[in-house]
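Asks: The following file, entry.tsv, comprises TSV, C-alpha atoms:
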chain	number	residue	atom	x	y	z
Q	1262	MET	CA	8.24	24.68	-15.20
Q	1263	LYS	CA	4.62	25.66	-14.63
Q	1264	HIS	CA	2.07	22.91	-14.21
Q	1265	THR	CA	-0.56	22.38	-16.91
Q	1266	ASN	CA	-3.24	20.95	-14.63
Q	1267	GLU	CA	-3.91	20.66	-10.91
Q	1268	ILE	CA	-6.36	19.27	-8.36
Q	1269	LYS	CA	-6.63	19.80	-4.65
Q	1270	LEU	CA	-8.41	17.43	-2.29
Q	1271	THR	CA	-9.06	17.58	1.41
Q	1272	ILE	CA	-10.08	14.37	3.11
Q	1273	LEU	CA	-10.66	13.43	6.72
Q	1274	SER	CA	-8.04	11.10	8.20
Q	1275	LYS	CA	-10.36	8.10	8.17
Q	1276	SER	CA	-9.15	4.77	6.81
Q	1277	ALA	CA	-12.38	4.49	4.83
Q	1278	ASN	CA	-11.02	7.33	2.66
Q	1279	GLU	CA	-7.81	5.54	1.66
Q	1280	GLY	CA	-9.46	3.83	-1.31
Q	1281	PHE	CA	-11.08	7.06	-2.42
Q	1282	ALA	CA	-7.74	8.93	-2.38
Q	1283	ARG	CA	-6.16	6.20	-4.52
Q	1284	SER	CA	-8.99	6.20	-7.03
Q	1285	ALA	CA	-9.31	9.98	-7.22
Q	1286	ILE	CA	-5.63	10.53	-7.93
Q	1287	ALA	CA	-5.53	7.65	-10.40
Q	1288	ALA	CA	-8.52	9.13	-12.24
Q	1289	PHE	CA	-6.79	12.52	-12.49
Q	1290	VAL	CA	-3.46	11.08	-13.60
Q	1291	ALA	CA	-5.18	8.92	-16.25
Q	1292	GLN	CA	-5.20	11.86	-18.66
Q	1293	LEU	CA	-1.46	11.34	-19.16
Q	1294	ASP	CA	-2.22	7.84	-20.45
Q	1295	PRO	CA	-0.06	5.93	-17.99
Q	1296	THR	CA	0.49	2.19	-18.28
Q	1297	LEU	CA	-1.30	-0.04	-15.78
Q	1298	ASP	CA	2.00	-0.54	-13.95
Q	1299	GLU	CA	2.61	3.21	-13.68
Q	1300	LEU	CA	-0.92	3.76	-12.40
Q	1301	ASN	CA	-0.52	0.98	-9.83
Q	1302	ASP	CA	2.81	2.44	-8.69
Q	1303	ILE	CA	1.17	5.83	-8.10
Q	1304	LYS	CA	-1.88	4.34	-6.34
Q	1305	THR	CA	0.38	2.34	-4.04
Q	1306	ALA	CA	2.57	5.32	-3.15
Q	1307	VAL	CA	-0.51	7.47	-2.48
Q	1308	SER	CA	-1.96	4.72	-0.30
Q	1309	GLU	CA	1.21	4.63	1.79
Q	1310	ALA	CA	1.36	8.41	2.26
Q	1311	VAL	CA	-2.31	8.78	3.17
Q	1312	THR	CA	-2.09	5.83	5.56
Q	1313	ASN	CA	0.89	7.45	7.29
Q	1314	CYS	CA	-1.24	10.54	7.96
Q	1315	ILE	CA	-4.05	8.45	9.41
Q	1316	VAL	CA	-1.87	6.18	11.53
Q	1317	HIS	CA	0.96	8.52	12.56
Q	1318	ALA	CA	0.04	12.16	12.01
Q	1319	TYR	CA	-3.35	11.91	13.68
Q	1320	PRO	CA	-3.32	8.79	15.85
Q	1321	ASN	CA	-5.98	9.91	18.31
Q	1322	SER	CA	-8.29	12.13	16.31
Q	1323	VAL	CA	-9.81	12.70	12.91
Q	1324	GLU	CA	-8.31	15.71	11.14
Q	1325	LYS	CA	-7.69	16.95	7.61
Q	1326	ILE	CA	-5.28	15.59	5.04
Q	1327	HIS	CA	-4.49	17.94	2.15
Q	1328	ILE	CA	-3.58	16.49	-1.21
Q	1329	ARG	CA	-2.44	18.40	-4.28
Q	1330	VAL	CA	-1.62	16.80	-7.62
Q	1331	ARG	CA	0.00	18.67	-10.49
Q	1332	LEU	CA	0.64	17.58	-14.05
Q	1333	PHE	CA	3.43	19.03	-16.16
Q	1334	ASP	CA	4.13	19.30	-19.89
Q	1335	ASP	CA	7.06	16.88	-19.73
Q	1336	ASN	CA	4.72	14.18	-18.38
Q	1337	ASN	CA	5.83	14.65	-14.82
Q	1338	ILE	CA	3.39	14.24	-11.97
Q	1339	GLU	CA	3.85	15.85	-8.59
Q	1340	ILE	CA	1.84	14.64	-5.60
Q	1341	VAL	CA	1.96	16.58	-2.34
Q	1342	ILE	CA	0.36	15.12	0.79
Q	1343	LYS	CA	0.29	17.43	3.77
Q	1344	ASP	CA	-0.93	17.13	7.33
Q	1345	ASN	CA	-0.88	19.33	10.42
Q	1346	GLY	CA	-0.26	16.44	12.76
Q	1347	LEU	CA	2.38	15.14	15.13
Q	1348	GLY	CA	5.32	15.45	12.80
Q	1349	ILE	CA	8.37	13.21	12.48
Q	1350	PRO	CA	11.18	13.77	15.03
Q	1351	ASN	CA	13.80	11.89	13.00
Q	1352	ILE	CA	13.02	11.70	9.29
Q	1353	GLU	CA	16.10	9.65	8.39
Q	1354	LYS	CA	15.16	7.01	10.95
Q	1355	ALA	CA	11.55	7.03	9.80
Q	1356	ARG	CA	12.66	6.35	6.22
Q	1357	THR	CA	14.67	3.27	7.25
Q	1358	PRO	CA	13.07	0.08	5.91
Q	1359	MET	CA	11.07	-1.82	8.52
Q	1360	TYR	CA	11.31	1.00	11.09
Q	1361	THR	CA	7.91	1.82	12.55
Q	1362	THR	CA	6.56	3.56	15.62
Q	1363	GLY	CA	3.32	1.67	15.06
Q	1364	ASP	CA	2.21	-1.68	16.40
Q	1365	SER	CA	2.33	-5.14	14.78
Q	1366	GLU	CA	-0.28	-4.03	12.28
Q	1367	ARG	CA	2.39	-1.88	10.59
Q	1368	SER	CA	5.33	-3.19	8.57
Q	1369	GLY	CA	7.49	-0.06	8.51
Q	1370	MET	CA	7.76	-0.21	4.71
Q	1371	GLY	CA	5.68	2.85	3.80
Q	1372	PHE	CA	8.48	5.26	2.91
Q	1373	THR	CA	10.52	2.48	1.30
Q	1374	ILE	CA	7.64	1.72	-1.05
Q	1375	MET	CA	7.04	5.39	-1.84
Q	1376	GLU	CA	10.75	5.71	-2.71
Q	1377	SER	CA	10.90	2.65	-4.93
Q	1378	PHE	CA	7.60	3.17	-6.72
Q	1379	MET	CA	8.01	6.90	-7.45
Q	1380	ASP	CA	10.94	8.68	-9.11
Q	1381	SER	CA	11.58	10.90	-6.11
Q	1382	LEU	CA	10.40	11.40	-2.54
Q	1383	ASN	CA	10.89	14.42	-0.34
Q	1384	VAL	CA	9.79	14.55	3.30
Q	1385	ARG	CA	9.69	17.71	5.37
Q	1386	SER	CA	8.40	17.74	8.91
Q	1387	LYS	CA	8.30	19.72	12.13
Q	1388	SER	CA	7.42	18.03	15.41
Q	1389	GLY	CA	4.09	19.27	16.65
Q	1390	HIS	CA	3.32	21.05	13.40
Q	1391	GLY	CA	2.95	18.56	10.61
Q	1392	THR	CA	4.51	16.84	7.64
Q	1393	VAL	CA	4.71	17.43	3.90
Q	1394	VAL	CA	5.42	14.50	1.58
Q	1395	THR	CA	6.23	15.36	-2.05
Q	1396	MET	CA	6.48	12.60	-4.63
Q	1397	LYS	CA	7.18	12.83	-8.34
Q	1398	LYS	CA	6.92	10.41	-11.19
Q	1399	ARG	CA	7.42	10.75	-14.91
Q	1400	ILE	CA	4.90	8.97	-17.09
Q	1401	SER	CA	6.56	7.38	-20.09
Q	1402	MET	CA	5.69	8.60	-23.57
Q	1403	ARG	CA	3.63	6.05	-25.41
Q	1404	LEU	CA	4.34	5.17	-29.04
Q	1405	SER	CA	1.11	6.81	-30.10
Q	1406	GLY	CA	2.62	10.07	-28.81
Q	1407	ARG	CA	-0.76	11.43	-27.81
Q	1408	HIS	CA	-1.35	12.71	-24.28
Q	1409	GLY	CA	-3.98	14.75	-22.56
Q	1410	VAL	CA	-6.35	14.71	-25.51
K	627	MET	CA	-12.31	-6.86	1.37
K	628	LYS	CA	-13.66	-10.40	1.59
K	629	ILE	CA	-11.92	-13.22	3.45
K	630	ILE	CA	-12.80	-16.78	2.45
K	631	SER	CA	-11.50	-19.50	4.73
K	632	THR	CA	-11.51	-23.20	3.79
K	633	LYS	CA	-10.07	-26.09	5.75
K	634	THR	CA	-9.18	-29.31	3.93
K	635	ASN	CA	-7.62	-32.03	6.05
K	636	LYS	CA	-4.95	-30.12	7.95
K	637	THR	CA	-4.50	-27.31	5.42
K	638	LEU	CA	-6.17	-23.93	5.86
K	639	LYS	CA	-6.66	-21.96	2.67
K	640	ILE	CA	-7.41	-18.27	3.03
K	641	GLU	CA	-8.51	-16.30	-0.02
K	642	LEU	CA	-8.52	-12.51	0.03
K	643	VAL	CA	-10.77	-10.72	-2.44
K	644	GLY	CA	-10.78	-6.97	-3.06
K	645	GLU	CA	-8.35	-4.31	-1.84
K	646	LEU	CA	-5.96	-4.98	1.04
K	647	ASP	CA	-5.03	-1.62	2.54
K	648	HIS	CA	-4.81	-0.25	6.08
K	649	HIS	CA	-8.59	-0.01	6.28
K	650	ALA	CA	-8.97	-3.72	5.49
K	651	ALA	CA	-5.86	-4.94	7.28
K	652	ARG	CA	-6.90	-4.28	10.87
K	653	ASN	CA	-9.91	-6.51	10.59
K	654	ALA	CA	-8.08	-9.07	8.43
K	655	ILE	CA	-5.31	-9.66	10.96
K	656	MET	CA	-7.86	-10.30	13.69
K	657	ARG	CA	-10.14	-12.56	11.64
K	658	ILE	CA	-7.33	-14.60	10.09
K	659	GLY	CA	-5.71	-14.94	13.51
K	660	GLN	CA	-8.98	-16.27	14.91
K	661	SER	CA	-9.25	-18.72	12.01
K	662	ILE	CA	-5.74	-20.07	12.59
K	663	ASP	CA	-6.27	-20.27	16.36
K	664	PHE	CA	-9.49	-22.19	15.84
K	665	GLU	CA	-8.38	-24.54	13.06
K	666	LEU	CA	-4.78	-25.06	14.21
K	667	PRO	CA	-3.67	-26.05	10.71
K	668	GLU	CA	-0.42	-27.77	9.82
K	669	LYS	CA	-0.26	-25.60	6.73
K	670	THR	CA	-1.76	-22.29	5.76
K	671	ILE	CA	-2.01	-21.11	2.16
K	672	LEU	CA	-2.81	-17.45	1.59
K	673	ASN	CA	-4.28	-17.07	-1.88
K	674	LEU	CA	-3.99	-13.51	-3.17
K	675	SER	CA	-5.43	-14.04	-6.68
K	676	GLY	CA	-8.52	-12.01	-5.79
K	677	LEU	CA	-6.60	-8.92	-4.69
K	678	SER	CA	-7.04	-5.96	-7.02
K	679	PHE	CA	-4.75	-3.91	-4.78
K	680	MET	CA	-2.36	-4.35	-1.86
K	681	ASP	CA	-0.07	-1.92	-0.05
K	682	SER	CA	2.37	-2.37	2.86
K	683	SER	CA	-0.54	-3.04	5.20
K	684	GLY	CA	-0.78	-6.35	3.35
K	685	ILE	CA	2.86	-7.00	4.23
K	686	ALA	CA	1.92	-6.67	7.90
K	687	VAL	CA	-0.95	-9.14	7.42
K	688	ILE	CA	1.40	-11.63	5.77
K	689	ILE	CA	4.05	-11.24	8.49
K	690	ASN	CA	1.42	-11.74	11.19
K	691	ILE	CA	0.33	-15.03	9.60
K	692	TYR	CA	3.96	-16.09	9.11
K	693	ARG	CA	4.72	-15.51	12.80
K	694	ARG	CA	1.59	-17.33	13.95
K	695	MET	CA	2.37	-20.37	11.79
K	696	GLN	CA	5.96	-20.37	13.05
K	697	GLU	CA	4.61	-20.47	16.61
K	698	LEU	CA	2.47	-23.45	15.64
K	699	GLY	CA	5.41	-25.12	13.92
K	700	GLY	CA	3.40	-25.20	10.70
K	701	ALA	CA	4.04	-24.30	7.07
K	702	PHE	CA	2.93	-21.15	5.33
K	703	GLU	CA	2.90	-20.10	1.73
K	704	ILE	CA	1.40	-17.39	-0.43
K	705	SER	CA	-0.18	-18.42	-3.71
K	706	ASP	CA	-1.22	-16.80	-6.98
K	707	VAL	CA	0.11	-13.32	-6.41
K	708	PRO	CA	-1.15	-10.64	-8.83
K	709	THR	CA	1.40	-8.28	-10.44
K	710	GLN	CA	0.75	-5.21	-8.30
K	711	ALA	CA	0.83	-7.16	-5.01
K	712	ASN	CA	3.95	-8.97	-6.17
K	713	LYS	CA	5.80	-5.70	-6.64
K	714	VAL	CA	4.98	-4.70	-3.05
K	715	ILE	CA	6.03	-8.11	-1.71
K	716	ASN	CA	9.35	-7.88	-3.55
K	717	ALA	CA	9.95	-4.29	-2.36
K	718	ALA	CA	9.56	-5.57	1.19
K	719	GLY	CA	11.94	-8.48	0.51
K	720	LEU	CA	9.28	-10.94	1.60
K	721	ASN	CA	9.87	-13.08	-1.49
K	722	LYS	CA	13.17	-14.13	0.05
K	723	ILE	CA	11.57	-15.33	3.28
K	724	ILE	CA	8.19	-16.72	2.37
K	725	LYS	CA	7.36	-19.41	-0.17
K	726	ILE	CA	5.30	-18.17	-3.11
K	727	SER	CA	3.49	-20.69	-5.25
K	728	GLU	CA	1.10	-20.94	-8.18
K	729	GLU	CA	-2.04	-22.97	-7.64
K	730	LYS	CA	-3.19	-22.54	-11.20
K	731	SER	CA	-1.08	-24.24	-13.83
K	732	LEU	CA	-2.29	-22.01	-16.64
K	733	VAL	CA	-1.53	-18.29	-16.48
K	734	ILE	CA	-3.21	-16.12	-19.11
Translate this structure into structure tokens?
Replies:
Amino acid sequence: MKHTNEIKLTILSKSANEGFARSAIAAFVAQLDPTLDELNDIKTAVSEAVTNCIVHAYPNSVEKIHIRVRLFDDNNIEIVIKDNGLGIPNIEKARTPMYTTGDSERSGMGFTIMESFMDSLNVRSKSGHGTVVTMKKRISMRLSGRHGV
Amino acid sequence: MKIISTKTNKTLKIELVGELDHHAARNAIMRIGQSIDFELPEKTILNLSGLSFMDSSGIAVIINIYRRMQELGGAFEISDVPTQANKVINAAGLNKIIKISEEKSLVI
């Protein structure tokens, strides 16, 4: 299915940009008339993915994080967050709840939250090359039946 | 994010206002840790009613406080958790480990 709308954002891997990424994607997704809960779910998942890039992909430098959001006719949203950073040696291990390679400032719950708050999560990575996180969520049809007006 | 710290008798109340994400968490862990180390409370209450957003970085903040209070042999609870933050806390299973209370008796 071809997407009906799309945005692309590139941000620097600075923690000051985490809030911006959340707000920007929420603003774009708003045209599908999500509920507050759905919007919060998406903002939280985005926050986790972007934070992972800042903390893990580029731990010692400031580089680019590429974000692409697509909207589809069936009310599906696809969010892709891509970096060209360190990569994940063992994706299965990384996705285990509470597993983190970070310090005590990290809880190791990032992927777990992305998985529970979105409908699907796909992680592809190559050590030394980078990581691509793809998340999808379907916005429920409201009784009014009007979307994207 | 703002951190408001109040000590009454031997209870330390910490209110967080704004968005608790990775950007805010680094500083929060340090400042709250300093507060606890200075006040040495018997009980710490972390009031989250002012949080418009929290992600898993907030979980790390909570766990850090929990550990510190355990070291002190004191009590710790989280109060007045907004809906979005509550979902994150439950996803992390923290609701099974840490006491969550309501300071306000009326919820609108």
Asks: Give me, as a PDB file with C-alpha atoms, keeping the file's coordinate frame, all polymer residues having an atom no more than 7 Å from region 708-713 of chain K, counting all atoms listed in the file and skipping those fewer than 5 positions away in the same chain.
Replies:
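The new file selection.pdb reads:
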ATOM      1  CA  ASN Q1301      -0.520   0.980  -9.830  1.00  0.00           C
TER       2      ASN Q1301
ATOM      3  CA  LEU K 674      -3.990 -13.510  -3.170  1.00  0.00           C
ATOM      4  CA  SER K 675      -5.430 -14.040  -6.680  1.00  0.00           C
ATOM      5  CA  PHE K 679      -4.750  -3.910  -4.780  1.00  0.00           C
ATOM      6  CA  MET K 680      -2.360  -4.350  -1.860  1.00  0.00           C
TER       7      MET K 680
END
Asks: Could you build a table of the residues in chain K lying no more than 12 Å from chain Q, giving for each the nearest pair of atoms and their separation in Å rounded to one decimal place, using only C-alpha atoms, ordered by chain and ascending residue number, as a tab-separated table?
Replies:
residue	atom	partner	partner_atom	distance
K:Met627	CA	Q:Gly1280	CA	11.4
K:Gly644	CA	Q:Gly1280	CA	11.0
K:Glu645	CA	Q:Gly1280	CA	8.2
K:Leu646	CA	Q:Gly1280	CA	9.8
K:Asp647	CA	Q:Ser1308	CA	7.6
K:His648	CA	Q:Ser1276	CA	6.7
K:His649	CA	Q:Ser1276	CA	4.8
K:Ala650	CA	Q:Ser1276	CA	8.6
K:Ala651	CA	Q:Glu1366	CA	7.5
K:Arg652	CA	Q:Glu1366	CA	6.8
K:Asn653	CA	Q:Glu1366	CA	10.1
K:Ala654	CA	Q:Glu1366	CA	10.1
K:Ile655	CA	Q:Glu1366	CA	7.7
K:Met656	CA	Q:Glu1366	CA	9.9
K:Ser678	CA	Q:Asn1301	CA	9.9
K:Phe679	CA	Q:Thr1305	CA	8.1
K:Met680	CA	Q:Thr1305	CA	7.6
K:Asp681	CA	Q:Thr1305	CA	5.9
K:Ser682	CA	Q:Met1370	CA	6.1
K:Ser683	CA	Q:Arg1367	CA	6.2
K:Gly684	CA	Q:Ser1368	CA	8.6
K:Ile685	CA	Q:Ser1368	CA	6.3
K:Ala686	CA	Q:Ser1368	CA	4.9
K:Val687	CA	Q:Glu1366	CA	7.1
K:Ile688	CA	Q:Ser1368	CA	9.7
K:Ile689	CA	Q:Ser1368	CA	8.2
K:Asn690	CA	Q:Ser1365	CA	7.6
K:Ile691	CA	Q:Glu1366	CA	11.3
K:Arg693	CA	Q:Ser1365	CA	10.8
K:Pro708	CA	Q:Asn1301	CA	11.7
K:Thr709	CA	Q:Asp1298	CA	8.5
K:Gln710	CA	Q:Asn1301	CA	6.5
K:Ala711	CA	Q:Asn1301	CA	9.6
K:Asn712	CA	Q:Asn1301	CA	11.5
K:Lys713	CA	Q:Asp1302	CA	8.9
K:Val714	CA	Q:Ile1374	CA	7.2
K:Ile715	CA	Q:Ile1374	CA	10.0
K:Asn716	CA	Q:Ile1374	CA	10.1
K:Ala717	CA	Q:Ile1374	CA	6.6
K:Ala718	CA	Q:Met1370	CA	6.7
K:Gly719	CA	Q:Met1370	CA	10.2
K:Leu720	CA	Q:Ser1368	CA	11.1
Asks: Near Ile640 (chain K), within 9 Å and counting only C-alpha atoms, which residues show up once chain neighbours fewer than 5 positions away are dropped, as a PyMOL selection string?
Replies: chain K and resi 629-633+658+670-674
Asks: In Å to one decimal, how far is CA of Met695 (chain K) from CA of Thr634 (chain K)?
Replies: 16.6 Å
Asks: I need every residue sitting at most 7 Å from the point (-0.4, -20.4, 11.8) (coordinates as in the file, all atoms listed in the file considered), written as a ChimeraX atom specification.
Replies: /K:662,666-667,670,691-692,694-698,700
Asks: Export, as an mmCIF file, in the coordinates of the input, the selected residues with C-alpha atoms.
Replies:
data_model
loop_
_atom_site.group_PDB
_atom_site.id
_atom_site.type_symbol
_atom_site.label_atom_id
_atom_site.label_comp_id
_atom_site.auth_asym_id
_atom_site.auth_seq_id
_atom_site.Cartn_x
_atom_site.Cartn_y
_atom_site.Cartn_z
ATOM 1 C CA ILE K 662 -5.740 -20.070 12.590
ATOM 2 C CA LEU K 666 -4.780 -25.060 14.210
ATOM 3 C CA PRO K 667 -3.670 -26.050 10.710
ATOM 4 C CA THR K 670 -1.760 -22.290 5.760
ATOM 5 C CA ILE K 691 0.330 -15.030 9.600
ATOM 6 C CA TYR K 692 3.960 -16.090 9.110
ATOM 7 C CA ARG K 694 1.590 -17.330 13.950
ATOM 8 C CA MET K 695 2.370 -20.370 11.790
ATOM 9 C CA GLN K 696 5.960 -20.370 13.050
ATOM 10 C CA GLU K 697 4.610 -20.470 16.610
ATOM 11 C CA LEU K 698 2.470 -23.450 15.640
ATOM 12 C CA GLY K 700 3.400 -25.200 10.700
#
Asks: Please write out, as JSON, where the centre of an axis-aligned box around all listed atoms of region 1332-1349 of chain Q lies and how long its edges are, in Å to one decimal, after adding 8 Å on each side.
Replies:
{"center_x": 3.7, "center_y": 16.3, "center_z": -2.4, "size_x": 25.3, "size_y": 22.1, "size_z": 51.0}
Asks: Between CA of Thr1362 (chain Q) and CA of Ile1349 (chain Q), what distance in Å does the model show, to one decimal?
Replies: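 Result for CA of Thr1362 (chain Q) versus CA of Ile1349 (chain Q): 10.3 Å, one decimal.
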Asks: When you look at Lys1263 (chain Q) with a cut-off of 10 Å (counting all atoms listed in the file), what residues show up, excluding the ones that are within fewer than 4 positions of it in the same chain? I need them as a PyMOL selection string.
Replies: chain Q and resi 1331-1334
Asks: Counting only C-alpha atoms, which residue out of K:Ile724, K:Glu729, K:Val707, K:Lys639 sits closest to Gly676 (chain K)?
Replies: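 Looking only at the distances to Gly676 (chain K), the closest residue turns out to be K:Val707.
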Asks: Provide the CA of Gly1389 (chain Q) to CA of Pro1350 (chain Q) distance in Å, to one decimal place.
Replies: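 CA of Pro1350 (chain Q) lies at a distance of 9.1 Å from CA of Gly1389 (chain Q).
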Asks: Identify the residues around (0.8, 18.9, 14.0) within a radius of 10 Å, measuring from all atoms listed in the file in the coordinates stated by the file, and give them as a ChimeraX atom specification.
Replies: /Q:1318-1319,1344-1349,1386-1392
Asks: Excluding Met1402 (chain Q) and its own-chain neighbours fewer than 6 positions away, which residues fall within 12 Å of it when counting all atoms listed in the file? Please give them as a PyMOL selection string.
Replies: chain Q and resi 1293-1296+1299+1334-1337+1408-1409
Asks: How would region 1273-1282 of chain Q read, as a short mmCIF file (atom, residue, chain, number, x, y, z; two decimals), in the coordinates of the input, once all heavy atoms are built in?
Replies:
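This is the output file result_10.cif:
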data_model
loop_
_atom_site.label_atom_id
_atom_site.label_comp_id
_atom_site.auth_asym_id
_atom_site.auth_seq_id
_atom_site.Cartn_x
_atom_site.Cartn_y
_atom_site.Cartn_z
N LEU Q 1273 -10.83 13.68 5.30
CA LEU Q 1273 -10.66 13.43 6.72
C LEU Q 1273 -9.75 12.21 6.90
O LEU Q 1273 -9.76 11.31 6.07
CB LEU Q 1273 -12.02 13.17 7.39
CG LEU Q 1273 -12.96 14.37 7.53
CD1 LEU Q 1273 -14.20 13.97 8.32
CD2 LEU Q 1273 -12.27 15.55 8.19
N SER Q 1274 -9.01 12.18 7.96
CA SER Q 1274 -8.04 11.10 8.20
C SER Q 1274 -8.73 9.82 8.68
O SER Q 1274 -8.39 9.25 9.73
CB SER Q 1274 -6.99 11.56 9.24
OG SER Q 1274 -7.63 11.90 10.46
N LYS Q 1275 -9.68 9.36 7.87
CA LYS Q 1275 -10.36 8.10 8.17
C LYS Q 1275 -9.91 7.05 7.19
O LYS Q 1275 -9.82 7.32 5.98
CB LYS Q 1275 -11.88 8.28 8.04
CG LYS Q 1275 -12.47 9.18 9.08
CD LYS Q 1275 -13.98 9.27 8.91
CE LYS Q 1275 -14.62 9.59 10.24
NZ LYS Q 1275 -15.91 8.96 10.43
N SER Q 1276 -9.68 5.82 7.68
CA SER Q 1276 -9.15 4.77 6.81
C SER Q 1276 -10.11 4.45 5.67
O SER Q 1276 -9.70 4.01 4.60
CB SER Q 1276 -8.80 3.51 7.62
OG SER Q 1276 -9.95 2.97 8.23
N ALA Q 1277 -11.39 4.72 5.90
CA ALA Q 1277 -12.38 4.49 4.83
C ALA Q 1277 -12.10 5.36 3.61
O ALA Q 1277 -12.60 5.08 2.52
CB ALA Q 1277 -13.78 4.76 5.36
N ASN Q 1278 -11.32 6.42 3.77
CA ASN Q 1278 -11.02 7.33 2.66
C ASN Q 1278 -9.76 6.97 1.89
O ASN Q 1278 -9.43 7.62 0.90
CB ASN Q 1278 -10.88 8.77 3.18
CG ASN Q 1278 -12.21 9.35 3.62
OD1 ASN Q 1278 -13.26 8.92 3.16
ND2 ASN Q 1278 -12.16 10.31 4.52
N GLU Q 1279 -9.06 5.92 2.34
CA GLU Q 1279 -7.81 5.54 1.66
C GLU Q 1279 -8.09 5.12 0.21
O GLU Q 1279 -7.39 5.54 -0.71
CB GLU Q 1279 -7.12 4.39 2.42
CG GLU Q 1279 -6.48 4.84 3.73
CD GLU Q 1279 -6.32 3.72 4.74
OE1 GLU Q 1279 -6.51 2.53 4.39
OE2 GLU Q 1279 -5.99 4.04 5.91
N GLY Q 1280 -9.11 4.30 0.03
CA GLY Q 1280 -9.46 3.83 -1.31
C GLY Q 1280 -9.89 4.98 -2.21
O GLY Q 1280 -9.53 5.04 -3.39
N PHE Q 1281 -10.63 5.90 -1.65
CA PHE Q 1281 -11.08 7.06 -2.42
C PHE Q 1281 -9.87 7.88 -2.90
O PHE Q 1281 -9.80 8.28 -4.06
CB PHE Q 1281 -12.01 7.96 -1.60
CG PHE Q 1281 -12.23 9.30 -2.25
CD1 PHE Q 1281 -13.00 9.41 -3.39
CD2 PHE Q 1281 -11.60 10.43 -1.76
CE1 PHE Q 1281 -13.17 10.63 -4.04
CE2 PHE Q 1281 -11.76 11.66 -2.39
CZ PHE Q 1281 -12.54 11.76 -3.53
N ALA Q 1282 -8.93 8.14 -2.01
CA ALA Q 1282 -7.74 8.93 -2.38
C ALA Q 1282 -7.00 8.25 -3.54
O ALA Q 1282 -6.58 8.90 -4.50
CB ALA Q 1282 -6.82 9.12 -1.18
#
